[in-house]
file data01.txt (compact mmCIF, C-alpha atoms)
# COMPACT_ATOMS: atom_id res chain seq x y z
CA MET Z 1 117.47 5.88 64.88
CA ALA Z 2 120.07 6.75 67.54
CA ASN Z 3 123.73 6.24 66.52
CA LEU Z 4 124.82 3.10 68.39
CA GLY Z 5 128.49 4.06 68.07
CA ILE Z 6 127.80 6.41 71.00
CA PRO Z 7 128.20 4.38 74.24
CA GLN Z 8 125.07 5.65 76.04
CA ASN Z 9 122.90 4.67 73.06
CA THR Z 10 124.33 1.15 73.12
CA ILE Z 11 123.68 0.92 76.87
CA ALA Z 12 120.09 2.11 76.36
CA VAL Z 13 119.40 -0.62 73.76
CA LEU Z 14 120.98 -3.35 75.90
CA GLN Z 15 118.89 -2.27 78.91
CA LYS Z 16 115.68 -2.02 76.89
CA TYR Z 17 116.03 -5.65 75.83
CA ASN Z 18 117.71 -6.95 79.02
CA PHE Z 19 120.45 -8.27 76.78
CA ASN Z 20 123.06 -10.61 78.28
CA PHE Z 21 126.44 -10.95 76.58
CA GLN Z 22 127.16 -14.51 75.48
CA LYS Z 23 130.73 -15.57 76.13
CA LYS Z 24 130.40 -18.48 73.69
CA PHE Z 25 129.73 -16.01 70.83
CA GLY Z 26 132.68 -13.77 71.73
CA GLN Z 27 130.51 -10.63 71.78
CA ASN Z 28 132.27 -7.26 72.03
CA PHE Z 29 130.28 -4.33 70.61
CA LEU Z 30 132.07 -1.32 69.12
CA ILE Z 31 131.39 1.98 70.88
CA ASP Z 32 133.60 4.40 69.02
CA THR Z 33 132.28 6.41 66.09
CA SER Z 34 135.74 7.32 64.76
CA VAL Z 35 136.68 3.61 64.49
CA LEU Z 36 133.39 2.91 62.69
CA ASP Z 37 134.16 5.72 60.22
CA ARG Z 38 137.64 4.27 59.66
CA ILE Z 39 136.22 0.81 58.87
CA ILE Z 40 133.68 2.16 56.37
CA SER Z 41 136.30 4.29 54.60
CA ALA Z 42 138.91 1.47 54.59
CA ALA Z 43 136.33 -0.86 53.03
CA GLU Z 44 135.63 1.82 50.39
CA ILE Z 45 131.88 1.18 50.53
CA THR Z 46 129.89 2.88 47.75
CA LYS Z 47 126.25 2.96 46.65
CA GLU Z 48 127.12 0.26 44.07
CA ASP Z 49 128.15 -2.23 46.74
CA CYS Z 50 126.49 -5.27 48.23
CA VAL Z 51 128.07 -5.88 51.64
CA LEU Z 52 128.05 -9.05 53.73
CA GLU Z 53 128.38 -8.27 57.43
CA ILE Z 54 129.28 -11.12 59.76
CA GLY Z 55 128.09 -10.77 63.36
CA PRO Z 56 126.20 -7.46 63.31
CA GLY Z 57 125.53 -7.62 67.08
CA ILE Z 58 123.00 -4.90 67.89
CA GLY Z 59 123.47 -3.28 64.46
CA THR Z 60 126.08 -0.64 65.31
CA MET Z 61 128.18 -1.03 62.16
CA THR Z 62 125.17 -2.24 60.15
CA GLN Z 63 123.66 1.26 60.41
CA TYR Z 64 126.86 2.78 58.99
CA LEU Z 65 126.98 0.18 56.21
CA ALA Z 66 123.31 0.71 55.32
CA GLU Z 67 123.94 4.46 54.92
CA SER Z 68 126.86 3.85 52.54
CA ALA Z 69 126.02 0.67 50.59
CA ARG Z 70 123.30 -0.30 48.14
CA GLU Z 71 122.50 -3.54 49.99
CA VAL Z 72 123.61 -5.13 53.26
CA VAL Z 73 123.19 -8.78 54.26
CA ALA Z 74 123.94 -9.28 57.96
CA VAL Z 75 124.41 -12.80 59.32
CA GLU Z 76 123.92 -13.12 63.10
CA ILE Z 77 124.14 -16.41 65.02
CA ASP Z 78 122.59 -15.19 68.32
CA LYS Z 79 118.77 -15.51 68.30
CA ALA Z 80 118.50 -13.04 71.19
CA LEU Z 81 119.87 -10.27 68.93
CA ILE Z 82 117.31 -10.68 66.14
CA PRO Z 83 114.49 -8.61 67.75
CA ILE Z 84 117.06 -5.94 68.67
CA LEU Z 85 118.28 -5.79 65.05
CA GLN Z 86 114.69 -5.51 63.79
CA ASP Z 87 114.35 -2.47 66.04
CA THR Z 88 117.73 -0.75 65.45
CA LEU Z 89 117.57 -1.30 61.67
CA SER Z 90 113.87 -0.58 61.21
CA GLU Z 91 114.55 2.60 59.24
CA TYR Z 92 116.61 0.83 56.57
CA ASP Z 93 114.96 -1.02 53.71
CA ASN Z 94 118.29 -2.16 52.24
CA VAL Z 95 119.27 -4.57 55.05
CA THR Z 96 118.50 -8.30 55.25
CA VAL Z 97 119.23 -10.03 58.56
CA ILE Z 98 119.82 -13.79 58.53
CA ASN Z 99 119.81 -15.70 61.84
CA GLU Z 100 122.37 -18.35 60.99
CA ASP Z 101 125.91 -19.58 61.65
CA ILE Z 102 128.11 -17.95 58.98
CA LEU Z 103 130.08 -21.19 58.59
CA LYS Z 104 126.88 -22.94 57.45
CA VAL Z 105 125.49 -20.22 55.17
CA ASP Z 106 125.63 -20.67 51.39
CA ILE Z 107 127.32 -17.34 50.68
CA ASN Z 108 127.53 -18.05 46.95
CA ARG Z 109 123.73 -18.17 46.87
CA ILE Z 110 123.49 -14.81 48.68
CA VAL Z 111 125.87 -13.31 46.09
CA GLN Z 112 123.69 -14.67 43.28
CA GLU Z 113 120.43 -13.43 44.79
CA LYS Z 114 121.55 -10.05 46.06
CA ASN Z 115 124.32 -9.07 43.65
CA GLU Z 116 123.73 -11.11 40.48
CA GLY Z 117 126.93 -13.04 41.13
CA ARG Z 118 129.15 -9.95 41.10
CA PRO Z 119 131.86 -9.66 43.78
CA ILE Z 120 130.70 -8.46 47.21
CA LYS Z 121 132.59 -6.79 50.03
CA VAL Z 122 132.76 -8.39 53.47
CA VAL Z 123 132.92 -6.23 56.60
CA ALA Z 124 132.95 -7.62 60.13
CA ASN Z 125 133.92 -7.18 63.74
CA LEU Z 126 134.86 -10.84 64.17
CA PRO Z 127 134.74 -12.93 67.33
CA TYR Z 128 138.33 -13.90 68.05
CA TYR Z 129 137.79 -17.62 68.49
CA ILE Z 130 136.42 -18.09 64.99
CA THR Z 131 138.40 -15.58 62.90
CA THR Z 132 140.53 -18.09 60.99
CA PRO Z 133 137.78 -20.56 59.98
CA ILE Z 134 135.61 -17.67 58.73
CA ILE Z 135 138.36 -16.08 56.63
CA MET Z 136 139.55 -19.41 55.24
CA GLY Z 137 135.95 -20.42 54.52
CA LEU Z 138 135.40 -17.25 52.48
CA PHE Z 139 138.56 -17.78 50.45
CA GLU Z 140 138.38 -21.54 49.99
CA SER Z 141 134.75 -21.57 48.87
CA HIS Z 142 135.77 -19.09 46.14
CA VAL Z 143 132.96 -16.67 46.94
CA PRO Z 144 133.15 -13.70 44.51
CA LEU Z 145 134.84 -11.14 46.77
CA LYS Z 146 136.38 -7.72 46.27
CA SER Z 147 137.70 -7.31 49.78
CA ILE Z 148 137.33 -8.34 53.40
CA THR Z 149 137.67 -5.53 55.96
CA ILE Z 150 137.62 -6.93 59.46
CA MET Z 151 138.29 -6.12 63.07
CA VAL Z 152 140.37 -8.92 64.59
CA GLN Z 153 142.68 -9.49 67.52
CA LYS Z 154 145.87 -7.46 66.96
CA GLU Z 155 148.15 -10.50 66.93
CA VAL Z 156 145.98 -12.22 64.31
CA ALA Z 157 146.16 -9.14 62.09
CA ASP Z 158 149.96 -9.16 62.51
CA ARG Z 159 150.07 -12.85 61.62
CA MET Z 160 148.18 -12.23 58.39
CA GLN Z 161 150.71 -9.80 56.99
CA VAL Z 162 154.15 -11.02 58.16
CA GLY Z 163 156.75 -12.77 56.01
CA PRO Z 164 159.08 -15.77 56.48
CA GLY Z 165 161.46 -16.07 59.41
CA THR Z 166 159.25 -14.27 61.96
CA LYS Z 167 157.61 -16.02 64.90
CA ASP Z 168 154.10 -14.95 63.81
CA TYR Z 169 154.58 -16.39 60.31
CA GLY Z 170 152.53 -19.51 59.73
CA ALA Z 171 149.82 -21.27 57.74
CA LEU Z 172 147.42 -18.32 58.18
CA SER Z 173 149.98 -15.81 56.82
CA LEU Z 174 150.57 -17.94 53.73
CA ALA Z 175 146.90 -18.64 53.09
CA VAL Z 176 145.87 -15.00 53.39
CA GLN Z 177 148.76 -13.83 51.22
CA TYR Z 178 147.96 -16.44 48.56
CA TYR Z 179 144.41 -15.10 48.17
CA ALA Z 180 144.70 -11.42 49.07
CA LYS Z 181 146.86 -8.40 49.78
CA PRO Z 182 146.70 -7.68 53.54
CA GLN Z 183 146.98 -4.17 55.00
CA ILE Z 184 146.43 -3.10 58.60
CA VAL Z 185 144.42 0.14 58.53
CA ALA Z 186 143.92 0.89 62.23
CA ASN Z 187 144.90 -0.30 65.68
CA VAL Z 188 141.99 -0.30 68.12
CA PRO Z 189 142.47 -0.28 71.92
CA PRO Z 190 140.21 -2.34 74.25
CA ASN Z 191 138.31 0.73 75.53
CA CYS Z 192 136.56 1.07 72.14
CA PHE Z 193 134.42 -1.98 72.95
CA MET Z 194 131.72 -3.04 75.35
CA PRO Z 195 132.47 -5.26 77.21
CA ARG Z 196 136.19 -4.48 77.09
CA PRO Z 197 138.26 -7.35 75.62
CA ASN Z 198 141.56 -8.25 77.30
CA VAL Z 199 143.57 -7.67 74.13
CA GLY Z 200 144.09 -4.97 71.55
CA SER Z 201 142.42 -5.24 68.15
CA ALA Z 202 143.22 -4.10 64.64
CA VAL Z 203 141.26 -3.43 61.47
CA ILE Z 204 142.82 -5.22 58.51
CA ARG Z 205 141.75 -5.03 54.88
CA LEU Z 206 142.34 -8.04 52.65
CA THR Z 207 142.05 -7.07 48.98
CA ARG Z 208 141.32 -10.17 46.91
CA TYR Z 209 143.74 -10.93 44.08
CA GLU Z 210 142.29 -11.52 40.60
CA GLN Z 211 144.99 -14.17 40.21
CA PRO Z 212 147.06 -15.61 43.09
CA PRO Z 213 150.68 -14.35 43.13
CA VAL Z 214 151.93 -17.92 42.61
CA GLN Z 215 150.66 -20.51 40.16
CA VAL Z 216 150.13 -23.99 41.53
CA GLN Z 217 148.48 -27.09 40.01
CA ASP Z 218 146.87 -28.31 43.20
CA GLU Z 219 145.91 -25.68 45.78
CA LYS Z 220 144.67 -28.24 48.32
CA LYS Z 221 147.92 -30.17 48.17
CA MET Z 222 149.98 -27.00 48.67
CA PHE Z 223 147.94 -26.03 51.73
CA ALA Z 224 148.14 -29.55 53.18
CA LEU Z 225 151.92 -29.23 52.81
CA ILE Z 226 151.91 -25.79 54.45
CA ARG Z 227 149.77 -26.96 57.38
CA ALA Z 228 152.03 -29.98 57.96
CA SER Z 229 155.12 -27.73 57.91
CA PHE Z 230 153.76 -25.60 60.75
CA ASN Z 231 152.02 -28.30 62.79
CA GLN Z 232 155.33 -29.07 64.41
CA ARG Z 233 157.16 -25.78 64.17
CA ARG Z 234 160.29 -26.91 65.96
CA LYS Z 235 160.85 -29.79 63.55
CA THR Z 236 162.77 -29.58 60.30
CA LEU Z 237 160.66 -29.45 57.18
CA VAL Z 238 161.75 -32.98 56.22
CA ASN Z 239 160.50 -34.40 59.55
CA GLY Z 240 157.35 -32.28 59.64
CA LEU Z 241 156.26 -33.41 56.18
CA THR Z 242 157.15 -37.08 56.58
CA ASN Z 243 155.31 -37.20 59.96
CA ALA Z 244 152.06 -36.04 58.31
CA PRO Z 245 150.17 -39.25 57.48
CA GLU Z 246 147.83 -37.56 54.98
CA LEU Z 247 150.78 -36.52 52.78
CA LYS Z 248 152.32 -40.03 52.45
CA LEU Z 249 155.79 -38.61 51.75
CA THR Z 250 159.15 -40.29 52.27
CA LYS Z 251 162.21 -38.56 53.73
CA GLU Z 252 164.05 -39.24 50.47
CA ALA Z 253 161.37 -37.51 48.40
CA VAL Z 254 161.31 -34.37 50.57
CA ALA Z 255 165.10 -34.19 50.97
CA GLY Z 256 165.52 -34.68 47.20
CA ALA Z 257 163.09 -31.88 46.41
CA LEU Z 258 164.81 -29.50 48.87
CA GLU Z 259 168.19 -30.32 47.31
CA LYS Z 260 166.86 -29.49 43.84
CA MET Z 261 165.64 -26.17 45.23
CA ASN Z 262 169.09 -25.47 46.75
CA LEU Z 263 167.64 -25.50 50.26
CA SER Z 264 169.30 -27.00 53.31
CA PRO Z 265 168.04 -30.45 54.41
CA THR Z 266 167.65 -29.04 57.95
CA ILE Z 267 165.54 -26.04 56.93
CA ARG Z 268 162.30 -25.35 58.83
CA GLY Z 269 158.93 -24.50 57.31
CA GLU Z 270 158.98 -20.98 58.71
CA ALA Z 271 161.91 -20.09 56.42
CA LEU Z 272 160.08 -20.81 53.15
CA THR Z 273 158.27 -18.21 51.05
CA LEU Z 274 154.91 -18.80 49.39
CA GLU Z 275 156.73 -19.30 46.04
CA GLN Z 276 158.96 -21.95 47.59
CA PHE Z 277 155.99 -23.83 49.07
CA ALA Z 278 154.29 -23.73 45.66
CA ARG Z 279 157.40 -25.18 44.00
CA LEU Z 280 157.84 -27.81 46.69
CA SER Z 281 154.24 -28.99 46.31
CA GLU Z 282 154.77 -29.41 42.55
CA MET Z 283 157.98 -31.39 43.13
CA VAL Z 284 156.79 -33.90 45.70
call {"tool": "encode", "arguments": {"input": "data01.txt", "output": "structure tokens"}}
result
Amino acid sequence: MANLGIPQNTIAVLQKYNFNFQKKFGQNFLIDTSVLDRIISAAEITKEDCVLEIGPGIGTMTQYLAESAREVVAVEIDKALIPILQDTLSEYDNVTVINEDILKVDINRIVQEKNEGRPIKVVANLPYYITTPIIMGLFESHVPLKSITIMVQKEVADRMQVGPGTKDYGALSLAVQYYAKPQIVANVPPNCFMPRPNVGSAVIRLTRYEQPPVQVQDEKKMFALIRASFNQRRKTLVNGLTNAPELKLTKEAVAGALEKMNLSPTIRGEALTLEQFARLSEMV
């Protein structure tokens, strides 16, 4: 089968099937073989691996994954792409394509069936509008994962790896860093895609921790606290947390906890580290 990382081969497939890009699915296909090679090597795919690919598109990266992995499960939401994938992946007997919305798929069941419950690797060129729900869904459902290697919008990749006190720091940074070690492995300009997106992209690898770097009794409570702290960024932490109805906290309780932690009563959420949020959630 022709290598779809070469632009004219992608064009030929799209013309053959009269394919129309769907804006609602955020479709941008990769047309750069060196970027594809970078993703496969960053994900450290071996013949032992079972890989979950989210949004295979016309199968460009799926072909690369199928060459390197033992088994690939590709989940594609767009029905129009299914016949194309059957064609472009016809030579590979180690690929299963599922026509489904990744947010509704029982990934734990896939891991059981395809990898006997052992940790899988996730690789994806993610649509920008849905990056966060997908990543959080993978972590929060405690799917057995080794790593997630994904192409995302550059600013989202930056947000995942920054620390306190920066403008990009927020709930996503803390959540990612609680579950995994983030590392940007490549910056990818718009001309590596068809159609060209308006923004730059980056490949980031999230290596799942065996144990989170902080211990906390109630994960959900900590993340509710974190989300409330950043919902109103300009507000002090005391106001942000007491304004969140789901937390049912009083100003006295929050101010008292901050005082015990030697933190200023006027501090904002963006100044706290993951450790400090963990402690705060135990104290309130």
call {"tool": "closest_atom_pairs", "arguments": {"input": "data01.txt", "of": "range 134-176 of chain Z", "to": "range 33-48 of chain Z", "cutoff": "8 Å", "atoms": "only C-alpha atoms", "output": "JSON lines"}}
result
{"residue": "Z:Ser147", "atom": "CA", "partner": "Z:Ala43", "partner_atom": "CA", "distance": 7.4}
{"residue": "Z:Ile148", "atom": "CA", "partner": "Z:Ala43", "partner_atom": "CA", "distance": 7.6}
{"residue": "Z:Thr149", "atom": "CA", "partner": "Z:Ala43", "partner_atom": "CA", "distance": 5.7}
{"residue": "Z:Ile150", "atom": "CA", "partner": "Z:Ile39", "partner_atom": "CA", "distance": 7.9}
call {"tool": "closest_residue", "arguments": {"input": "data01.txt", "among": "Z:Met136, Z:Met1, Z:Asp218, Z:Cys50", "to": "Gln112 in chain Z", "atoms": "all atoms listed in the file"}}
result
Z:Cys50
call {"tool": "atom_distance", "arguments": {"input": "data01.txt", "atom1": "CA of Ile134 in chain Z", "atom2": "CA of Ala271 in chain Z"}}
result
26.5 Å
call {"tool": "atom_distance", "arguments": {"input": "data01.txt", "atom1": "CA of Gly5 in chain Z", "atom2": "CA of Gly55 in chain Z"}}
result
15.6 Å
call {"tool": "closest_residue", "arguments": {"input": "data01.txt", "among": "Z:Ala12, Z:Val284, Z:Ala202, Z:Leu103", "to": "Val185 in chain Z", "atoms": "all atoms listed in the file"}}
result
Z:Ala202
call {"tool": "axis_aligned_box", "arguments": {"input": "data01.txt", "around": "range 18-33 of chain Z", "padding_each_side": "6 Å", "output": "lines of an AutoDock Vina configuration file"}}
result
center_x = 125.7
center_y = -6.0
center_z = 72.6
size_x = 27.9
size_y = 36.9
size_z = 24.9
call {"tool": "residues_around", "arguments": {"input": "data01.txt", "residues": "range 19-31 of chain Z", "least_positions_apart": "3", "cutoff": "6 Å", "atoms": "only C-alpha atoms", "output": "compact mmCIF listing (two decimals) with C-alpha atoms, in the coordinates of the input"}}
result
# COMPACT_ATOMS: atom_id res chain seq x y z
CA GLY Z 5 128.49 4.06 68.07
CA ILE Z 6 127.80 6.41 71.00
CA PRO Z 7 128.20 4.38 74.24
CA LEU Z 14 120.98 -3.35 75.90
CA PRO Z 127 134.74 -12.93 67.33
CA CYS Z 192 136.56 1.07 72.14
CA PHE Z 193 134.42 -1.98 72.95
CA MET Z 194 131.72 -3.04 75.35
CA PRO Z 195 132.47 -5.26 77.21
call {"tool": "residues_around", "arguments": {"input": "data01.txt", "residues": "Ile120 in chain Z", "least_positions_apart": "3", "cutoff": "12 Å", "atoms": "all atoms listed in the file", "output": "PyMOL selection string"}}
result
chain Z and resi 43-46+48-53+69-73+107-117+123+138+142-149+207-208
call {"tool": "atom_distance", "arguments": {"input": "data01.txt", "atom1": "CA of Gln63 in chain Z", "atom2": "CA of Ser201 in chain Z"}}
result
21.3 Å
call {"tool": "residues_around", "arguments": {"input": "data01.txt", "residues": "Gly269 in chain Z", "least_positions_apart": "2", "cutoff": "6 Å", "atoms": "all atoms listed in the file", "output": "list in words"}}
result
Ser229, Leu237, Ala271 and Leu272 of chain Z
call {"tool": "closest_residue", "arguments": {"input": "data01.txt", "among": "Z:Lys79, Z:Thr266, Z:Glu67, Z:Ile226", "to": "Asn239 in chain Z", "atoms": "only C-alpha atoms"}}
result
Z:Thr266
call {"tool": "closest_residue", "arguments": {"input": "data01.txt", "among": "Z:Gln276, Z:Thr88, Z:Asn191, Z:Asn94", "to": "Ala66 in chain Z", "atoms": "only C-alpha atoms"}}
result
Z:Asn94
call {"tool": "residues_around", "arguments": {"input": "data01.txt", "residues": "Thr131 in chain Z", "least_positions_apart": "4", "cutoff": "9 Å", "atoms": "only C-alpha atoms", "output": "PyMOL selection string"}}
result
chain Z and resi 126-127+135-136+152-153+156
